[in-house]
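Q: Structure supplied as start.tsv; contents: TSV, C-alpha atoms.
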chain	number	residue	atom	x	y	z
A	1	MET	CA	-6.00	-23.14	-13.81
A	2	ALA	CA	-6.68	-19.76	-15.39
A	3	LYS	CA	-9.71	-19.26	-13.17
A	4	SER	CA	-7.67	-20.06	-10.07
A	5	LEU	CA	-5.19	-17.40	-11.14
A	6	LYS	CA	-8.00	-14.85	-11.40
A	7	VAL	CA	-9.18	-15.86	-7.93
A	8	LEU	CA	-5.66	-15.37	-6.56
A	9	GLN	CA	-5.49	-11.95	-8.20
A	10	ARG	CA	-8.81	-10.98	-6.60
A	11	ILE	CA	-7.65	-12.25	-3.20
A	12	LYS	CA	-4.43	-10.22	-3.43
A	13	LYS	CA	-6.42	-7.16	-4.45
A	14	MET	CA	-8.68	-7.58	-1.40
A	15	GLU	CA	-5.64	-8.03	0.84
A	16	LEU	CA	-4.15	-4.83	-0.56
A	17	ASP	CA	-7.40	-2.95	-0.01
A	18	GLU	CA	-7.52	-4.12	3.61
A	19	LEU	CA	-3.88	-3.18	4.17
A	20	ARG	CA	-4.53	0.25	2.64
A	21	ARG	CA	-7.35	0.80	5.11
A	22	VAL	CA	-5.18	-0.25	8.04
A	23	LEU	CA	-2.31	1.87	6.74
A	24	SER	CA	-4.46	4.96	6.36
A	25	ASP	CA	-5.78	4.45	9.90
A	26	LYS	CA	-2.25	4.16	11.31
A	27	ILE	CA	-1.09	7.21	9.36
A	28	ALA	CA	-4.06	9.17	10.71
A	29	ARG	CA	-3.21	8.06	14.26
A	30	GLN	CA	0.43	9.02	13.68
A	31	ASP	CA	-0.58	12.47	12.41
A	32	GLU	CA	-2.82	12.86	15.44
A	33	GLY	CA	0.09	11.93	17.73
A	34	LYS	CA	2.36	14.44	15.99
A	35	HIS	CA	-0.32	17.10	16.35
A	36	LYS	CA	-0.67	16.32	20.08
A	37	LEU	CA	3.11	16.50	20.46
A	38	GLN	CA	3.16	19.87	18.74
A	39	GLU	CA	0.37	21.13	21.00
A	40	LEU	CA	2.21	19.80	24.04
A	41	ASN	CA	5.37	21.66	23.00
A	42	GLN	CA	3.42	24.86	22.41
A	43	GLN	CA	1.72	24.55	25.81
A	44	TYR	CA	5.11	23.94	27.44
A	45	GLU	CA	6.53	27.09	25.85
A	46	LYS	CA	3.56	29.11	27.14
A	47	GLU	CA	3.99	27.69	30.65
A	48	LYS	CA	7.71	28.35	30.51
A	49	GLU	CA	7.08	32.01	29.66
A	50	PHE	CA	4.49	32.25	32.45
A	51	ALA	CA	6.87	30.63	34.96
A	52	ALA	CA	9.67	33.02	33.91
A	53	GLN	CA	7.38	36.00	34.52
A	54	ASN	CA	6.03	34.60	37.81
A	55	PRO	CA	8.85	32.55	39.42
A	56	LEU	CA	7.29	32.34	42.90
A	57	LEU	CA	3.81	31.37	41.75
A	58	CYS	CA	4.35	27.77	40.59
A	59	ASP	CA	6.67	24.75	40.62
A	60	PHE	CA	7.92	24.69	37.03
A	61	GLY	CA	10.27	21.75	37.72
A	62	LYS	CA	7.34	19.43	38.45
A	63	TYR	CA	5.52	20.69	35.35
A	64	THR	CA	8.65	20.06	33.25
A	65	GLU	CA	8.93	16.54	34.67
A	66	ASN	CA	5.32	15.76	33.70
A	67	TYR	CA	5.84	17.40	30.31
A	68	LEU	CA	8.89	15.23	29.62
A	69	LYS	CA	6.97	12.07	30.58
A	70	LYS	CA	4.12	12.98	28.23
A	71	LYS	CA	6.56	13.95	25.50
A	72	ARG	CA	8.47	10.64	25.75
A	73	ALA	CA	5.22	8.67	25.73
A	74	LEU	CA	4.00	10.50	22.62
A	75	GLU	CA	7.37	10.08	20.89
A	76	GLN	CA	7.35	6.34	21.67
A	77	PHE	CA	3.79	6.08	20.39
A	78	ILE	CA	4.76	7.85	17.16
A	79	ALA	CA	7.89	5.72	16.74
A	80	ALA	CA	5.88	2.52	17.27
A	81	LEU	CA	3.38	3.65	14.65
A	82	GLU	CA	6.23	4.46	12.25
A	83	ASN	CA	7.54	0.90	12.67
A	84	GLU	CA	4.08	-0.56	12.09
A	85	ILE	CA	3.61	1.65	9.03
A	86	GLU	CA	6.96	0.53	7.65
A	87	GLN	CA	6.02	-3.13	8.18
A	88	LEU	CA	2.67	-2.58	6.47
A	89	ARG	CA	4.36	-0.92	3.52
A	90	ASN	CA	6.82	-3.81	3.21
A	91	GLU	CA	3.95	-6.29	3.34
A	92	MET	CA	2.08	-4.28	0.70
A	93	ALA	CA	5.19	-4.26	-1.50
A	94	ASP	CA	5.39	-8.06	-1.25
A	95	ILE	CA	1.73	-8.39	-2.18
A	96	PHE	CA	2.22	-6.00	-5.10
A	97	LYS	CA	5.08	-8.21	-6.32
A	98	GLU	CA	2.90	-11.32	-6.08
A	99	GLU	CA	0.02	-9.58	-7.84
A	100	LYS	CA	2.37	-8.39	-10.59
A	101	THR	CA	3.68	-11.93	-10.99
A	102	TYR	CA	0.12	-13.22	-11.38
A	103	ASN	CA	-0.58	-10.49	-13.93
A	104	ILE	CA	2.53	-11.39	-15.92
A	105	ILE	CA	1.59	-15.07	-15.90
A	106	ASP	CA	-1.95	-14.21	-16.96
A	107	GLU	CA	-0.71	-11.98	-19.77
A	108	ALA	CA	1.68	-14.70	-20.95
A	109	ARG	CA	-1.18	-17.22	-21.00
A	110	GLU	CA	-3.39	-14.83	-22.94
A	111	ALA	CA	-0.57	-14.16	-25.41
A	112	GLN	CA	-0.06	-17.91	-25.85
A	113	LYS	CA	-3.80	-18.44	-26.43
A	114	GLN	CA	-3.83	-15.62	-29.00
A	115	LYS	CA	-0.78	-17.09	-30.72
A	116	GLU	CA	-2.43	-20.52	-30.91
A	117	PHE	CA	-5.66	-18.96	-32.18
A	118	ASN	CA	-3.77	-17.00	-34.86
A	119	ALA	CA	-1.83	-20.13	-35.90
A	120	ASN	CA	-5.07	-22.16	-36.20
A	121	GLU	CA	-6.74	-19.35	-38.11
A	122	GLN	CA	-3.76	-19.13	-40.48
A	123	LYS	CA	-3.88	-22.91	-41.01
A	124	LEU	CA	-7.57	-22.68	-41.84
A	125	LEU	CA	-7.00	-19.80	-44.26
A	126	ASP	CA	-4.12	-21.67	-45.89
A	127	GLU	CA	-6.33	-24.73	-46.30
A	128	VAL	CA	-9.15	-22.66	-47.79
A	129	GLY	CA	-6.68	-21.00	-50.15
A	130	THR	CA	-5.18	-24.35	-51.16
A	131	ASN	CA	-8.62	-25.84	-51.81
A	132	ALA	CA	-9.62	-22.81	-53.88
A	133	TYR	CA	-6.38	-23.10	-55.90
A	134	ILE	CA	-6.95	-26.83	-56.47
A	135	LYS	CA	-10.54	-26.24	-57.58
A	136	LYS	CA	-9.54	-23.45	-59.90
A	137	HIS	CA	-6.63	-25.27	-61.51
A	138	GLY	CA	-8.13	-28.74	-61.27
A	139	ALA	CA	-11.16	-27.74	-63.36
A	140	LYS	CA	-9.03	-26.69	-66.36
Re-express the file's structure as structure tokens.

A:
Amino acid sequence: MAKSLKVLQRIKKMELDELRRVLSDKIARQDEGKHKLQELNQQYEKEKEFAAQNPLLCDFGKYTENYLKKKRALEQFIAALENEIEQLRNEMADIFKEEKTYNIIDEAREAQKQKEFNANEQKLLDEVGTNAYIKKHGAK
């Protein structure tokens, strides 16, 4: 039973490692999306200034329409990643709880084994002491 508990602890550790990898990948993708959104906003501001300086040169309304579509798509992408990240974190928290439970059980078992070992050792020492007392006082 103790070995199966160790196996479960190892399995949970591997699950956590895998979830950490997935989480770091999603966070990196989210950061990339935020960076793209920031670049898109900066590009829009530059185009807006250019359109204000040259009103007859381009159709800024069409550009704004495309910008808003791209912006919404990026925001939805980021929001979806945030939801996935939140779910992963919740799943990791559950696994941490399970792993902690296994650790507590394992520690309790080890403490019980140590207690039994100490009790047996004390019995043995008491017996040795009793035998020594009997030999010492029985010989007189």

Q: List the spatial neighbours of Tyr102 of chain A as a ChimeraX atom specification - criterion: any atom at most 9 Å away, all atoms listed in the file, same-chain residues fewer than 2 positions off excluded.

A: /A:5-6,8-9,97-100,104-107

Q: Which value, in Å to one decimal, gives the distance between atom CA of Lys71 of chain A and atom CA of Arg20 of chain A?

A: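 About the pair atom CA of Lys71 of chain A and atom CA of Arg20 of chain A: they are 28.9 Å apart.
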
Q: For Glu39 of chain A, which residue out of A:Lys62, A:Lys70, A:Lys13, A:Arg21 is the nearest one, using all atoms listed in the file?

A: A:Lys70

Q: Skipping near chain neighbours, those fewer than 5 positions away, what residues fall within 12 Å of Gln43 of chain A using all atoms listed in the file, listed as a PyMOL selection string?

A: chain A and resi 36-38+48-50+63-64+67+71

Q: Limited to C-alpha atoms, could you put the picked residues into a file as an mmCIF file, keeping the file's coordinate frame?

A:
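The file below, again.cif, is the result:
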data_model
loop_
_atom_site.group_PDB
_atom_site.id
_atom_site.type_symbol
_atom_site.label_atom_id
_atom_site.label_comp_id
_atom_site.auth_asym_id
_atom_site.auth_seq_id
_atom_site.Cartn_x
_atom_site.Cartn_y
_atom_site.Cartn_z
ATOM 1 C CA LYS A 36 -0.670 16.320 20.080
ATOM 2 C CA LEU A 37 3.110 16.500 20.460
ATOM 3 C CA GLN A 38 3.160 19.870 18.740
ATOM 4 C CA LYS A 48 7.710 28.350 30.510
ATOM 5 C CA GLU A 49 7.080 32.010 29.660
ATOM 6 C CA PHE A 50 4.490 32.250 32.450
ATOM 7 C CA TYR A 63 5.520 20.690 35.350
ATOM 8 C CA THR A 64 8.650 20.060 33.250
ATOM 9 C CA TYR A 67 5.840 17.400 30.310
ATOM 10 C CA LYS A 71 6.560 13.950 25.500
#

Q: By how many Å are atom CA of Lys26 of chain A and atom CA of Glu82 of chain A apart?

A: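 Value for the atom CA of Lys26 of chain A-atom CA of Glu82 of chain A distance: 8.5 Å.
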
Q: If we count only C-alpha atoms, what is near Lys34 of chain A at a cut-off of 12 Å, once residues fewer than 6 positions away on the same chain are taken out, given as a list of chain:residue names?

A: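 Result of the neighbour search: A:Ile27, A:Ala28, A:Leu40, A:Asn41, A:Lys71, A:Ala73, A:Leu74, A:Glu75, A:Gln76, A:Phe77, A:Ile78, A:Ala79, A:Leu81, A:Glu82.
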
Q: Rounded to one decimal place, report the atom CA of Lys3 of chain A-atom CA of Arg89 of chain A distance in Å.

A: 28.5 Å

Q: Would you please work out which residue, of A:Asn118, A:Ala111, A:Glu84, A:Lys136, is nearest to Asp25 of chain A when using all atoms listed in the file?

A: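 Nearest to Asp25 of chain A: A:Glu84.
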
Q: Neighbouring residues of Met92 of chain A were defined as those with any atom within 10 Å, considering only C-alpha atoms; residues of the same chain fewer than 2 positions away were excluded. Please report them as a PDB file with C-alpha atoms, in the coordinates of the input.

A:
ATOM      1  CA  LYS A  12      -4.430 -10.220  -3.430  1.00  0.00           C
ATOM      2  CA  GLU A  15      -5.640  -8.030   0.840  1.00  0.00           C
ATOM      3  CA  LEU A  16      -4.150  -4.830  -0.560  1.00  0.00           C
ATOM      4  CA  ASP A  17      -7.400  -2.950  -0.010  1.00  0.00           C
ATOM      5  CA  LEU A  19      -3.880  -3.180   4.170  1.00  0.00           C
ATOM      6  CA  ARG A  20      -4.530   0.250   2.640  1.00  0.00           C
ATOM      7  CA  LEU A  23      -2.310   1.870   6.740  1.00  0.00           C
ATOM      8  CA  GLU A  86       6.960   0.530   7.650  1.00  0.00           C
ATOM      9  CA  GLN A  87       6.020  -3.130   8.180  1.00  0.00           C
ATOM     10  CA  LEU A  88       2.670  -2.580   6.470  1.00  0.00           C
ATOM     11  CA  ARG A  89       4.360  -0.920   3.520  1.00  0.00           C
ATOM     12  CA  ASN A  90       6.820  -3.810   3.210  1.00  0.00           C
ATOM     13  CA  ASP A  94       5.390  -8.060  -1.250  1.00  0.00           C
ATOM     14  CA  ILE A  95       1.730  -8.390  -2.180  1.00  0.00           C
ATOM     15  CA  PHE A  96       2.220  -6.000  -5.100  1.00  0.00           C
ATOM     16  CA  LYS A  97       5.080  -8.210  -6.320  1.00  0.00           C
ATOM     17  CA  GLU A  98       2.900 -11.320  -6.080  1.00  0.00           C
TER      18      GLU A  98
END

Q: With only C-alpha atoms as the basis for distance, which of A:Glu110, A:Leu125, A:Ile85, A:Asn120 is at the shortest distance from Val22 of chain A?

A: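 Of A:Glu110, A:Leu125, A:Ile85, A:Asn120, the one nearest Val22 of chain A is A:Ile85, counting only C-alpha atoms.
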
Q: Go through A:Gly129, A:Leu57, A:Gly33, A:Ala52 and flag the residue nearest Arg72 of chain A, using all atoms listed in the file for the distances.

A: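 Among A:Gly129, A:Leu57, A:Gly33, A:Ala52, it is A:Gly33 that comes nearest to Arg72 of chain A.
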
Q: From the options A:Leu68, A:Phe60, A:Val128, A:His137, which residue's atoms come nearest to Lys46 of chain A, counting all atoms listed in the file?

A: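 That would be A:Phe60, the residue with the smallest distance to Lys46 of chain A.
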